[in-house]
$ cat query26.pdb   # PDB, C-alpha atoms
ATOM      1  CA  MET A  66      56.011-102.651 173.987
ATOM      2  CA  ARG A  67      57.639 -99.918 176.056
ATOM      3  CA  VAL A  68      58.352 -97.854 172.940
ATOM      4  CA  ARG A  69      54.736 -98.221 171.852
ATOM      5  CA  ARG A  70      53.506 -96.982 175.222
ATOM      6  CA  VAL A  71      55.741 -93.894 175.049
ATOM      7  CA  ARG A  72      54.724 -93.179 171.454
ATOM      8  CA  GLY A  73      51.045 -93.403 172.331
ATOM      9  CA  ARG A  74      51.363 -91.287 175.466
ATOM     10  CA  PHE A  75      52.808 -88.163 173.865
ATOM     11  CA  LYS A  76      51.075 -88.387 170.446
ATOM     12  CA  MET A  77      54.397 -87.769 168.682
ATOM     13  CA  ALA A  78      54.881 -91.064 166.853
ATOM     14  CA  LYS A  79      54.091 -89.570 163.455
ATOM     15  CA  HIS A  80      57.115 -87.256 163.710
ATOM     16  CA  PHE A  81      59.740 -90.009 164.217
ATOM     17  CA  THR A  82      61.011 -93.209 162.672
ATOM     18  CA  TYR A  83      62.506 -95.925 164.844
ATOM     19  CA  VAL A  84      64.191 -99.293 164.516
ATOM     20  CA  ILE A  85      64.183-102.016 167.168
ATOM     21  CA  THR A  86      66.669-104.899 166.897
ATOM     22  CA  GLU A  87      67.773-107.700 169.190
ATOM     23  CA  THR A  88      70.636-105.578 170.483
ATOM     24  CA  GLY A  89      69.457-101.976 170.371
ATOM     25  CA  PHE A  90      66.966 -99.250 169.610
ATOM     26  CA  THR A  91      67.451 -96.199 167.356
ATOM     27  CA  TYR A  92      65.157 -93.377 166.355
ATOM     28  CA  ALA A  93      65.321 -90.232 164.203
ATOM     29  CA  ARG A  94      63.133 -87.356 163.123
ATOM     30  CA  ASP A  95      61.071 -88.031 160.025
ATOM     31  CA  ASP A  96      62.070 -84.806 158.256
ATOM     32  CA  ALA A  97      60.167 -85.493 155.043
ATOM     33  CA  ARG A  98      56.902 -86.197 156.859
ATOM     34  CA  ASN A  99      57.392 -83.256 159.224
ATOM     35  CA  ALA A 100      57.990 -80.887 156.285
ATOM     36  CA  ALA A 101      54.795 -82.125 154.606
ATOM     37  CA  LYS A 102      52.841 -81.610 157.830
ATOM     38  CA  ALA A 103      54.322 -78.127 158.343
ATOM     39  CA  ALA A 104      53.196 -77.104 154.855
ATOM     40  CA  LEU A 105      49.587 -77.755 155.924
ATOM     41  CA  ASP A 106      49.744 -75.979 159.288
ATOM     42  CA  GLY A 107      46.744 -73.689 159.701
ATOM     43  CA  ILE A 108      44.914 -75.194 156.707
ATOM     44  CA  TYR A 109      41.779 -77.280 156.868
ATOM     45  CA  VAL A 110      39.512 -78.667 154.151
ATOM     46  CA  ILE A 111      35.722 -78.781 154.265
ATOM     47  CA  ARG A 112      34.010 -81.200 151.935
ATOM     48  CA  THR A 113      30.324 -81.400 151.061
ATOM     49  CA  ASN A 114      28.119 -83.304 148.624
ATOM     50  CA  VAL A 115      25.946 -80.222 148.029
ATOM     51  CA  PRO A 116      26.435 -78.842 144.487
ATOM     52  CA  ALA A 117      28.244 -75.515 144.143
ATOM     53  CA  ALA A 118      25.194 -74.061 142.407
ATOM     54  CA  THR A 119      23.209 -74.677 145.586
ATOM     55  CA  LEU A 120      25.845 -73.794 148.166
ATOM     56  CA  ALA A 121      28.838 -71.608 147.314
ATOM     57  CA  ALA A 122      32.236 -72.151 148.931
ATOM     58  CA  LEU A 123      31.793 -69.266 151.383
ATOM     59  CA  ASP A 124      28.364 -70.575 152.335
ATOM     60  CA  VAL A 125      29.845 -74.004 153.011
ATOM     61  CA  VAL A 126      32.358 -72.461 155.423
ATOM     62  CA  ALA A 127      29.599 -70.414 157.078
ATOM     63  CA  ALA A 128      27.464 -73.531 157.518
ATOM     64  CA  TYR A 129      30.406 -75.388 159.066
ATOM     65  CA  LYS A 130      31.113 -72.534 161.461
ATOM     66  CA  SER A 131      27.451 -72.435 162.479
ATOM     67  CA  LEU A 132      28.075 -75.691 164.358
ATOM     68  CA  SER A 133      29.184 -73.455 167.224
ATOM     69  CA  HIS A 134      25.513 -72.570 167.744
ATOM     70  CA  VAL A 135      24.688 -76.261 168.165
ATOM     71  CA  GLU A 136      27.529 -76.672 170.674
ATOM     72  CA  ARG A 137      26.316 -73.608 172.560
ATOM     73  CA  ALA A 138      22.806 -75.055 172.651
ATOM     74  CA  PHE A 139      24.087 -78.281 174.230
ATOM     75  CA  ARG A 140      26.068 -76.281 176.795
ATOM     76  CA  THR A 141      22.923 -74.344 177.684
ATOM     77  CA  MET A 142      20.933 -77.532 178.111
ATOM     78  CA  LYS A 143      23.580 -79.226 180.251
ATOM     79  CA  SER A 144      24.506 -76.172 182.349
ATOM     80  CA  ALA A 145      22.643 -74.534 185.206
ATOM     81  CA  ASP A 146      20.269 -72.846 182.742
ATOM     82  CA  LEU A 147      18.262 -76.013 182.035
ATOM     83  CA  GLU A 148      20.125 -78.945 183.619
ATOM     84  CA  VAL A 149      18.998 -81.761 181.322
ATOM     85  CA  ARG A 150      21.010 -84.057 183.592
ATOM     86  CA  PRO A 151      20.861 -85.921 185.909
ATOM     87  CA  ILE A 152      17.901 -87.951 184.664
ATOM     88  CA  TYR A 153      16.201 -89.940 187.402
ATOM     89  CA  HIS A 154      13.759 -91.750 185.101
ATOM     90  CA  ARG A 155      14.045 -95.421 184.200
ATOM     91  CA  MET A 156      11.432 -95.970 181.512
ATOM     92  CA  LYS A 157      12.330 -95.043 177.933
ATOM     93  CA  THR A 158       9.129 -93.059 177.381
ATOM     94  CA  TYR A 159       9.770 -90.953 180.508
ATOM     95  CA  ILE A 160      13.351 -90.240 179.437
ATOM     96  CA  ARG A 161      12.185 -89.164 175.981
ATOM     97  CA  ALA A 162       9.548 -86.930 177.557
ATOM     98  CA  HIS A 163      12.173 -85.382 179.872
ATOM     99  CA  VAL A 164      14.499 -84.600 176.949
ATOM    100  CA  LEU A 165      11.578 -83.212 174.919
ATOM    101  CA  VAL A 166      10.650 -80.837 177.747
ATOM    102  CA  CYS A 167      14.283 -79.686 177.930
ATOM    103  CA  MET A 168      14.321 -79.112 174.169
ATOM    104  CA  LEU A 169      11.140 -77.049 174.381
ATOM    105  CA  ALA A 170      12.631 -75.116 177.290
ATOM    106  CA  TYR A 171      15.733 -74.367 175.241
ATOM    107  CA  TYR A 172      13.494 -73.153 172.405
ATOM    108  CA  VAL A 173      11.933 -70.675 174.841
ATOM    109  CA  VAL A 174      15.402 -69.625 176.073
ATOM    110  CA  TRP A 175      16.544 -69.110 172.476
ATOM    111  CA  HIS A 176      13.615 -66.786 171.755
ATOM    112  CA  MET A 177      14.156 -64.942 175.036
ATOM    113  CA  LYS A 178      17.824 -64.326 174.255
ATOM    114  CA  ARG A 179      16.935 -62.999 170.816
ATOM    115  CA  ALA A 180      14.370 -60.596 172.266
ATOM    116  CA  LEU A 181      16.646 -59.534 175.136
ATOM    117  CA  ALA A 182      19.795 -59.070 173.011
ATOM    118  CA  PRO A 183      19.726 -55.243 173.406
ATOM    119  CA  VAL A 184      20.165 -55.531 177.203
ATOM    120  CA  LEU A 185      22.459 -58.584 177.230
ATOM    121  CA  VAL A 186      26.227 -58.659 176.827
ATOM    122  CA  ALA A 187      25.670 -60.505 173.536
ATOM    123  CA  ASP A 188      25.914 -58.664 170.229
ATOM    124  CA  ALA A 189      22.470 -57.374 169.251
ATOM    125  CA  ASP A 190      23.486 -56.550 165.669
ATOM    126  CA  PRO A 191      24.977 -59.707 164.082
ATOM    127  CA  ALA A 192      24.598 -58.278 160.558
ATOM    128  CA  ALA A 193      26.849 -55.329 161.411
ATOM    129  CA  ALA A 194      29.317 -57.709 163.069
ATOM    130  CA  ARG A 195      29.490 -59.833 159.919
ATOM    131  CA  ALA A 196      30.120 -56.695 157.862
ATOM    132  CA  GLU A 197      33.171 -55.923 160.043
ATOM    133  CA  ARG A 198      34.827 -59.256 159.214
ATOM    134  CA  VAL A 199      37.320 -59.143 156.385
ATOM    135  CA  SER A 200      36.734 -62.816 155.557
ATOM    136  CA  ILE A 201      34.493 -65.698 156.554
ATOM    137  CA  VAL A 202      37.541 -67.521 157.928
ATOM    138  CA  ALA A 203      38.734 -64.491 159.922
ATOM    139  CA  PRO A 204      38.047 -64.409 163.672
ATOM    140  CA  ALA A 205      34.602 -63.131 164.592
ATOM    141  CA  VAL A 206      34.393 -59.493 165.684
ATOM    142  CA  ARG A 207      31.804 -57.425 167.495
ATOM    143  CA  SER A 208      29.711 -54.779 165.861
ATOM    144  CA  PRO A 209      30.516 -51.102 166.666
ATOM    145  CA  ALA A 210      27.361 -50.910 168.792
ATOM    146  CA  ALA A 211      28.458 -53.981 170.776
ATOM    147  CA  PHE A 212      31.885 -52.431 171.424
ATOM    148  CA  ARG A 213      30.227 -49.288 172.799
ATOM    149  CA  LYS A 214      27.799 -51.339 174.869
ATOM    150  CA  VAL A 215      30.499 -53.497 176.454
ATOM    151  CA  ALA A 216      32.839 -50.558 177.071
ATOM    152  CA  ARG A 217      30.165 -48.613 178.961
ATOM    153  CA  ARG A 218      28.477 -51.699 180.470
ATOM    154  CA  ARG A 219      25.230 -50.023 179.478
ATOM    155  CA  THR A 220      22.935 -49.927 176.479
ATOM    156  CA  GLU A 221      22.399 -46.870 174.279
ATOM    157  CA  ASP A 222      19.494 -45.756 176.494
ATOM    158  CA  GLY A 223      21.487 -46.250 179.718
ATOM    159  CA  THR A 224      20.050 -49.614 180.802
ATOM    160  CA  PRO A 225      22.615 -51.732 182.702
ATOM    161  CA  LEU A 226      23.872 -54.834 180.886
ATOM    162  CA  HIS A 227      23.287 -58.327 182.244
ATOM    163  CA  SER A 228      24.144 -61.883 181.444
ATOM    164  CA  PHE A 229      21.085 -63.968 180.645
ATOM    165  CA  ARG A 230      21.298 -65.911 183.886
ATOM    166  CA  ARG A 231      21.672 -62.774 185.977
ATOM    167  CA  LEU A 232      18.777 -61.134 184.163
ATOM    168  CA  VAL A 233      16.528 -64.109 184.917
ATOM    169  CA  ARG A 234      17.511 -63.898 188.594
ATOM    170  CA  ASP A 235      16.711 -60.187 188.556
ATOM    171  CA  LEU A 236      13.264 -60.834 187.076
ATOM    172  CA  ALA A 237      12.650 -63.469 189.758
ATOM    173  CA  THR A 238      12.511 -60.689 192.378
ATOM    174  CA  LEU A 239       9.173 -59.553 190.971
ATOM    175  CA  THR A 240       6.299 -60.983 192.977
ATOM    176  CA  ARG A 241       2.546 -60.847 193.281
ATOM    177  CA  ASN A 242       1.501 -60.446 196.915
ATOM    178  CA  SER A 243      -1.861 -61.280 198.439
ATOM    179  CA  VAL A 244      -2.811 -58.398 200.756
ATOM    180  CA  ARG A 245      -5.527 -58.541 203.386
ATOM    181  CA  LEU A 246      -6.752 -55.451 205.240
ATOM    182  CA  GLY A 247      -9.639 -56.417 207.462
ATOM    183  CA  GLU A 248     -12.282 -57.840 205.173
ATOM    184  CA  ALA A 249     -10.648 -56.408 202.055
ATOM    185  CA  ARG A 250      -8.372 -58.630 200.002
ATOM    186  CA  PHE A 251      -6.486 -57.748 196.860
ATOM    187  CA  GLN A 252      -3.403 -58.617 194.814
ATOM    188  CA  GLN A 253      -0.452 -56.226 194.791
ATOM    189  CA  LEU A 254       2.356 -56.448 192.225
ATOM    190  CA  THR A 255       5.840 -55.256 193.123
ATOM    191  CA  THR A 256       6.997 -52.184 191.234
ATOM    192  CA  PRO A 257       9.531 -53.147 188.535
ATOM    193  CA  THR A 258      12.826 -51.325 188.271
ATOM    194  CA  ALA A 259      13.782 -49.382 185.146
ATOM    195  CA  GLY A 260      15.789 -52.358 183.905
ATOM    196  CA  GLN A 261      12.879 -54.730 184.471
ATOM    197  CA  GLN A 262      10.517 -52.357 182.682
ATOM    198  CA  ARG A 263      12.917 -52.352 179.725
ATOM    199  CA  VAL A 264      12.744 -56.162 179.631
ATOM    200  CA  PHE A 265       8.946 -56.070 179.542
ATOM    201  CA  GLN A 266       9.091 -53.576 176.680
ATOM    202  CA  LEU A 267      11.328 -55.950 174.727
ATOM    203  CA  PHE A 268       8.896 -58.795 175.401
ATOM    204  CA  ASP A 269       5.962 -56.530 174.524
ATOM    205  CA  VAL A 270       4.115 -57.462 177.729
ATOM    206  CA  ARG A 271       2.544 -55.402 180.479
ATOM    207  CA  TRP A 272       3.275 -55.833 184.179
TER     208      TRP A 272
END
$ encode --input "query26.pdb" --output "structure tokens"
Amino acid sequence: MRVRRVRGRFKMAKHFTYVITETGFTYARDDARNAAKAALDGIYVIRTNVPAATLAALDVVAAYKSLSHVERAFRTMKSADLEVRPIYHRMKTYIRAHVLVCMLAYYVVWHMKRALAPVLVADADPAAARAERVSIVAPAVRSPAAFRKVARRRTEDGTPLHSFRRLVRDLATLTRNSVRLGEARFQQLTTPTAGQQRVFQLFDVRW
């Protein structure tokens, strides 16, 4: 029982053989198994039931790697961007409605990030980035434009770069003020900065 606890703790049981008798305990490296494992180091296999005529091998790998977008979506929903949790509801219908609202909110965030890609740290030219990769299994690289943008911390037109969260906080400084001068009353909008004006241009909206 003690041997089993040690084997389970360090996750190394598959590399050793051991014998327990009434009078002793012996162990040794499992060289044959270790050599077979070493031959597969750095290799993984992706299997699919989709015919090759429908999805080529490279497309299968690309589809598998696209799971990172799903993981990123869950991180966005659970982080300070949307905060799907904690859920204070008790009834099933309320919980489903809460999650649905968070999903719709993420859909809005996804579209915003796509539109704001030129002024975010993210790569705004994924097609050029894919062209820079020597293979689908090679590490992802940035496009030449993204390298220039990150190095200068500014876009091609000189707009400062932001993270999405920081950009949202920056936009939150814009306000509409109710002004009253004697009997006259009117609404006054704050003047957006150059960076904020660039965001409105990307959204194709007027302030």
$ resolve_selection --input "query26.pdb" --expression "the PyMOL selection byres ((chain A and resi 176-191) around 6)" --output "mmCIF file with C-alpha atoms, in the frame of the given file"
data_model
loop_
_atom_site.group_PDB
_atom_site.id
_atom_site.type_symbol
_atom_site.label_atom_id
_atom_site.label_comp_id
_atom_site.auth_asym_id
_atom_site.auth_seq_id
_atom_site.Cartn_x
_atom_site.Cartn_y
_atom_site.Cartn_z
ATOM 1 C CA VAL A 173 11.933 -70.675 174.841
ATOM 2 C CA VAL A 174 15.402 -69.625 176.073
ATOM 3 C CA TRP A 175 16.544 -69.110 172.476
ATOM 4 C CA ALA A 192 24.598 -58.278 160.558
ATOM 5 C CA ALA A 193 26.849 -55.329 161.411
ATOM 6 C CA ALA A 194 29.317 -57.709 163.069
ATOM 7 C CA ALA A 211 28.458 -53.981 170.776
ATOM 8 C CA LEU A 226 23.872 -54.834 180.886
ATOM 9 C CA HIS A 227 23.287 -58.327 182.244
ATOM 10 C CA SER A 228 24.144 -61.883 181.444
#
$ resolve_selection --input "query26.pdb" --expression "the PyMOL selection byres ((chain A and resi 171) around 12)" --output "ChimeraX atom specification"
/A:135,137-144,146-149,164-170,172-178
$ resolve_selection --input "query26.pdb" --expression "the PyMOL selection byres ((chain A and resi 152) around 12)" --output "list of chain:residue names"
A:Lys143, A:Glu148, A:Val149, A:Arg150, A:Pro151, A:Tyr153, A:His154, A:Arg155, A:Met156, A:Lys157, A:Tyr159, A:Ile160, A:Arg161, A:Ala162, A:His163, A:Val164, A:Cys167
$ closest_residue --input "query26.pdb" --among "A:Tyr109, A:Arg271, A:Ala127, A:Phe229" --to "Ser200 in chain A" --atoms "only C-alpha atoms"
A:Ala127
$ closest_residue --input "query26.pdb" --among "A:Leu105, A:Leu239, A:Ala216, A:Ile85" --to "Phe265 in chain A" --atoms "all atoms listed in the file"
A:Leu239
$ closest_residue --input "query26.pdb" --among "A:His134, A:Lys102, A:Arg231, A:Arg245" --to "Lys79 in chain A" --atoms "all atoms listed in the file"
A:Lys102
$ residues_around --input "query26.pdb" --residues "Ser243 in chain A" --least-positions-apart "5" --cutoff "10 Å" --atoms "all atoms listed in the file" --output "PyMOL selection string"
chain A and resi 250-254
$ atom_distance --input "query26.pdb" --atom1 "CA of Pro257 in chain A" --atom2 "CA of Trp272 in chain A"
8.1 Å
$ atom_distance --input "query26.pdb" --atom1 "CA of Asp95 in chain A" --atom2 "CA of Val110 in chain A"
24.2 Å
$ atom_distance --input "query26.pdb" --atom1 "CA of Arg94 in chain A" --atom2 "CA of Met77 in chain A"
10.4 Å
$ residues_around --input "query26.pdb" --residues "Asp96 in chain A" --least-positions-apart "5" --cutoff "12 Å" --atoms "all atoms listed in the file" --output "list of chain:residue names"
A:Lys79, A:His80, A:Phe81, A:Thr82, A:Ala101, A:Lys102, A:Ala103
$ closest_residue --input "query26.pdb" --among "A:Gly260, A:Asp269, A:Val244, A:Pro209" --to "Asp222 in chain A" --atoms "all atoms listed in the file"
A:Gly260
$ decode --input "query26.pdb" --residues "range 83-106 of chain A" --atoms "N, CA and C atoms" --output "tab-separated table (two decimals), in the first residue's frame"
chain	number	residue	atom	x	y	z
A	83	TYR	N	8.44	-3.52	-10.35
A	83	TYR	CA	8.77	-3.75	-8.95
A	83	TYR	C	8.20	-5.11	-8.52
A	84	VAL	N	8.85	-5.66	-7.52
A	84	VAL	CA	8.43	-6.95	-6.96
A	84	VAL	C	8.38	-6.82	-5.45
A	85	ILE	N	7.27	-7.23	-4.87
A	85	ILE	CA	7.08	-7.20	-3.42
A	85	ILE	C	6.93	-8.64	-2.93
A	86	THR	N	7.77	-9.04	-2.01
A	86	THR	CA	7.69	-10.38	-1.41
A	86	THR	C	7.48	-10.25	0.09
A	87	GLU	N	7.42	-11.40	0.77
A	87	GLU	CA	7.24	-11.38	2.22
A	87	GLU	C	8.45	-10.81	2.94
A	88	THR	N	9.59	-10.85	2.29
A	88	THR	CA	10.82	-10.43	2.98
A	88	THR	C	11.50	-9.21	2.35
A	89	GLY	N	10.99	-8.68	1.27
A	89	GLY	CA	11.70	-7.55	0.67
A	89	GLY	C	10.93	-6.90	-0.47
A	90	PHE	N	11.56	-5.88	-1.01
A	90	PHE	CA	10.98	-5.09	-2.09
A	90	PHE	C	12.10	-4.72	-3.06
A	91	THR	N	11.92	-4.96	-4.34
A	91	THR	CA	12.91	-4.59	-5.35
A	91	THR	C	12.21	-3.87	-6.50
A	92	TYR	N	12.96	-3.01	-7.14
A	92	TYR	CA	12.40	-2.29	-8.30
A	92	TYR	C	13.53	-2.05	-9.30
A	93	ALA	N	13.15	-1.77	-10.55
A	93	ALA	CA	14.12	-1.52	-11.62
A	93	ALA	C	13.45	-0.71	-12.71
A	94	ARG	N	14.25	-0.02	-13.48
A	94	ARG	CA	13.73	0.72	-14.62
A	94	ARG	C	13.18	-0.25	-15.67
A	95	ASP	N	12.09	0.11	-16.26
A	95	ASP	CA	11.52	-0.69	-17.35
A	95	ASP	C	12.09	-0.13	-18.66
A	96	ASP	N	13.29	-0.58	-19.03
A	96	ASP	CA	14.00	0.00	-20.16
A	96	ASP	C	13.25	-0.18	-21.47
A	97	ALA	N	12.64	-1.33	-21.69
A	97	ALA	CA	11.92	-1.56	-22.93
A	97	ALA	C	10.74	-0.59	-23.07
A	98	ARG	N	9.98	-0.44	-22.02
A	98	ARG	CA	8.83	0.47	-22.06
A	98	ARG	C	9.28	1.92	-22.20
A	99	ASN	N	10.36	2.28	-21.48
A	99	ASN	CA	10.86	3.65	-21.56
A	99	ASN	C	11.36	3.99	-22.96
A	100	ALA	N	12.03	3.01	-23.61
A	100	ALA	CA	12.51	3.24	-24.98
A	100	ALA	C	11.34	3.43	-25.94
A	101	ALA	N	10.27	2.64	-25.74
A	101	ALA	CA	9.09	2.79	-26.61
A	101	ALA	C	8.42	4.14	-26.39
A	102	LYS	N	8.37	4.60	-25.14
A	102	LYS	CA	7.80	5.91	-24.86
A	102	LYS	C	8.66	7.02	-25.44
A	103	ALA	N	9.99	6.89	-25.33
A	103	ALA	CA	10.89	7.92	-25.84
A	103	ALA	C	10.78	8.06	-27.35
A	104	ALA	N	10.49	6.96	-28.04
A	104	ALA	CA	10.36	7.02	-29.50
A	104	ALA	C	9.15	7.84	-29.92
A	105	LEU	N	8.19	8.03	-29.03
A	105	LEU	CA	6.98	8.79	-29.35
A	105	LEU	C	6.98	10.19	-28.75
A	106	ASP	N	8.08	10.59	-28.12
A	106	ASP	CA	8.14	11.92	-27.54
A	106	ASP	C	7.94	12.98	-28.61
